[in-house]
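Colleague: Let me begin by handing over the structure; questions about it come next.
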Amino acid sequence: MVTIKEIERVLTMVRNKGLRVIIRFKKSRNMMVLEREIRALSPEGNYVAWVSAFPAPPHQIIDAYGITSIEIYCRGELVRQVVDWREFVKELQMLNECR
């Protein structure tokens with residue numbers, strides 16, 4: 001189970017390292033993106049209002065929808081792809097800044 005505190009900690013790491021993270025879900029075509037903030041993406045890759053994409057807060061969506069993949073980008077280039085939240089956190093901690 002992913003907590004709101006975990007998401008806040010991960011978002012801080014993503015911001016500090018200058019990364020972009022896209023989380024794809026099993027039960028939704030919409031995606032979650034972590035950059036300077038947490039936002040929702042449409043299947044076409046456009047930003048959409050969170051409430052139109054998802055019915056609950058991010059930590060509940062991660063648990064309820066199931067993760068298909070988590071993609072970590074540095075300057076638009078895919079640097080890591082994982083399928084598990086715990087593995088994602090470990091990879092994120094090992095990555096250097098993307099500047």
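Residue names in the structure tokens use chain letters A, B, ... in the order shown, residue numbers from 1 in each chain, and ligand numbers from 1 in the order shown.
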Quick check for you: according to DSSP on this backbone, which residues of chain A are classed as alpha helix (DSSP H)? Reply as a ChimeraX atom specification.

Modeller: /A:4-17,50-53,58-65,85-94

Colleague: So that I have them on file, write out the residues from the current selection with C-alpha atoms, as a JSON list (two decimals), in the first residue's frame.

Modeller:
[["chain", "number", "residue", "atom", "x", "y", "z"],
["A", 4, "ILE", "CA", 0.51, 9.93, 0.78],
["A", 5, "LYS", "CA", 3.77, 10.46, 2.71],
["A", 6, "GLU", "CA", 5.60, 8.09, 0.33],
["A", 7, "ILE", "CA", 4.26, 9.97, -2.67],
["A", 8, "GLU", "CA", 5.34, 13.29, -1.17],
["A", 9, "ARG", "CA", 8.84, 11.91, -0.51],
["A", 10, "VAL", "CA", 9.08, 10.51, -4.05],
["A", 11, "LEU", "CA", 7.83, 13.79, -5.56],
["A", 12, "THR", "CA", 10.52, 15.68, -3.64],
["A", 13, "MET", "CA", 13.21, 13.34, -5.04],
["A", 14, "VAL", "CA", 11.80, 13.71, -8.58],
["A", 15, "ARG", "CA", 11.85, 17.52, -8.27],
["A", 16, "ASN", "CA", 15.34, 17.65, -6.77],
["A", 17, "LYS", "CA", 16.77, 15.38, -9.46],
["A", 50, "TRP", "CA", -7.17, 15.29, -12.10],
["A", 51, "VAL", "CA", -10.87, 15.00, -11.25],
["A", 52, "SER", "CA", -11.80, 14.21, -14.86],
["A", 53, "ALA", "CA", -9.10, 11.50, -15.09],
["A", 58, "PRO", "CA", -2.91, 9.69, -6.19],
["A", 59, "HIS", "CA", -2.01, 7.22, -3.45],
["A", 60, "GLN", "CA", -5.44, 5.57, -3.67],
["A", 61, "ILE", "CA", -5.26, 5.40, -7.47],
["A", 62, "ILE", "CA", -1.87, 3.64, -7.38],
["A", 63, "ASP", "CA", -3.24, 0.94, -5.09],
["A", 64, "ALA", "CA", -6.68, 0.59, -6.69],
["A", 65, "TYR", "CA", -5.70, 0.68, -10.38],
["A", 85, "TRP", "CA", 6.40, 0.81, -6.77],
["A", 86, "ARG", "CA", 9.10, -0.50, -4.39],
["A", 87, "GLU", "CA", 11.49, -1.12, -7.26],
["A", 88, "PHE", "CA", 10.75, 2.40, -8.54],
["A", 89, "VAL", "CA", 11.64, 3.95, -5.18],
["A", 90, "LYS", "CA", 14.95, 2.03, -5.10],
["A", 91, "GLU", "CA", 15.83, 3.08, -8.67],
["A", 92, "LEU", "CA", 14.92, 6.69, -7.91],
["A", 93, "GLN", "CA", 17.22, 6.75, -4.88],
["A", 94, "MET", "CA", 20.13, 5.43, -6.97]]

Colleague: Using the chain letters and numbers from this document, which residues of region 2-99 of chain A does DSSP assign to strand (DSSP E or B), as a PDB file with C-alpha atoms, in the first residue's frame?

Modeller:
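File part_13.pdb, as written:
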ATOM      1  CA  ARG A  20       9.871  13.208 -15.110  1.00  0.00           C
ATOM      2  CA  VAL A  21       8.027  10.038 -14.120  1.00  0.00           C
ATOM      3  CA  ILE A  22       5.039   8.549 -15.946  1.00  0.00           C
ATOM      4  CA  ILE A  23       2.981   5.902 -14.190  1.00  0.00           C
ATOM      5  CA  ARG A  24       0.750   3.734 -16.392  1.00  0.00           C
ATOM      6  CA  PHE A  25      -2.127   1.808 -14.855  1.00  0.00           C
ATOM      7  CA  MET A  31      -1.679   8.137 -16.629  1.00  0.00           C
ATOM      8  CA  MET A  32      -0.107   9.919 -13.677  1.00  0.00           C
ATOM      9  CA  VAL A  33       2.931  12.134 -14.179  1.00  0.00           C
ATOM     10  CA  LEU A  34       5.311  13.299 -11.458  1.00  0.00           C
ATOM     11  CA  ILE A  38       1.469  15.396  -9.644  1.00  0.00           C
ATOM     12  CA  ARG A  39      -0.730  15.670 -12.720  1.00  0.00           C
ATOM     13  CA  ALA A  40      -2.963  13.483 -14.857  1.00  0.00           C
ATOM     14  CA  LEU A  41      -2.266  12.673 -18.508  1.00  0.00           C
ATOM     15  CA  TYR A  47      -2.467  17.175 -19.323  1.00  0.00           C
ATOM     16  CA  VAL A  48      -6.031  16.870 -18.032  1.00  0.00           C
ATOM     17  CA  ILE A  67       0.721  -0.356 -12.040  1.00  0.00           C
ATOM     18  CA  THR A  68       1.520  -1.526 -15.573  1.00  0.00           C
ATOM     19  CA  SER A  69       4.792   0.394 -15.782  1.00  0.00           C
ATOM     20  CA  ILE A  70       6.699   3.312 -14.293  1.00  0.00           C
ATOM     21  CA  GLU A  71       8.907   5.216 -16.726  1.00  0.00           C
ATOM     22  CA  ILE A  72      11.643   7.554 -15.497  1.00  0.00           C
ATOM     23  CA  TYR A  73      12.777  10.245 -17.946  1.00  0.00           C
ATOM     24  CA  CYS A  74      15.773  12.570 -17.918  1.00  0.00           C
ATOM     25  CA  GLU A  77      15.016  10.375 -22.628  1.00  0.00           C
ATOM     26  CA  LEU A  78      13.786   7.175 -20.974  1.00  0.00           C
ATOM     27  CA  VAL A  79      16.448   6.140 -18.438  1.00  0.00           C
ATOM     28  CA  ARG A  80      14.626   3.434 -16.426  1.00  0.00           C
ATOM     29  CA  GLN A  81      11.419   1.449 -16.641  1.00  0.00           C
ATOM     30  CA  VAL A  82      10.073  -0.659 -13.775  1.00  0.00           C
TER      31      VAL A  82
END

Colleague: At what distance in Å, to one decimal, does CA of Arg75 (chain A) lie from CA of Gly45 (chain A)?

Modeller: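 Answer for the CA of Gly45 (chain A) to CA of Arg75 (chain A) separation: 16.5 Å.
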
Colleague: To one decimal place, how far is CA of Leu19 (chain A) from CA of Glu37 (chain A) in Å?

Modeller: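 Taking CA of Leu19 (chain A) and CA of Glu37 (chain A), their separation equals 11.3 Å.
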
Colleague: Quote the spacing between CA of Leu95 (chain A) and CA of Glu44 (chain A) in Å to one decimal place.

Modeller: 27.9 Å
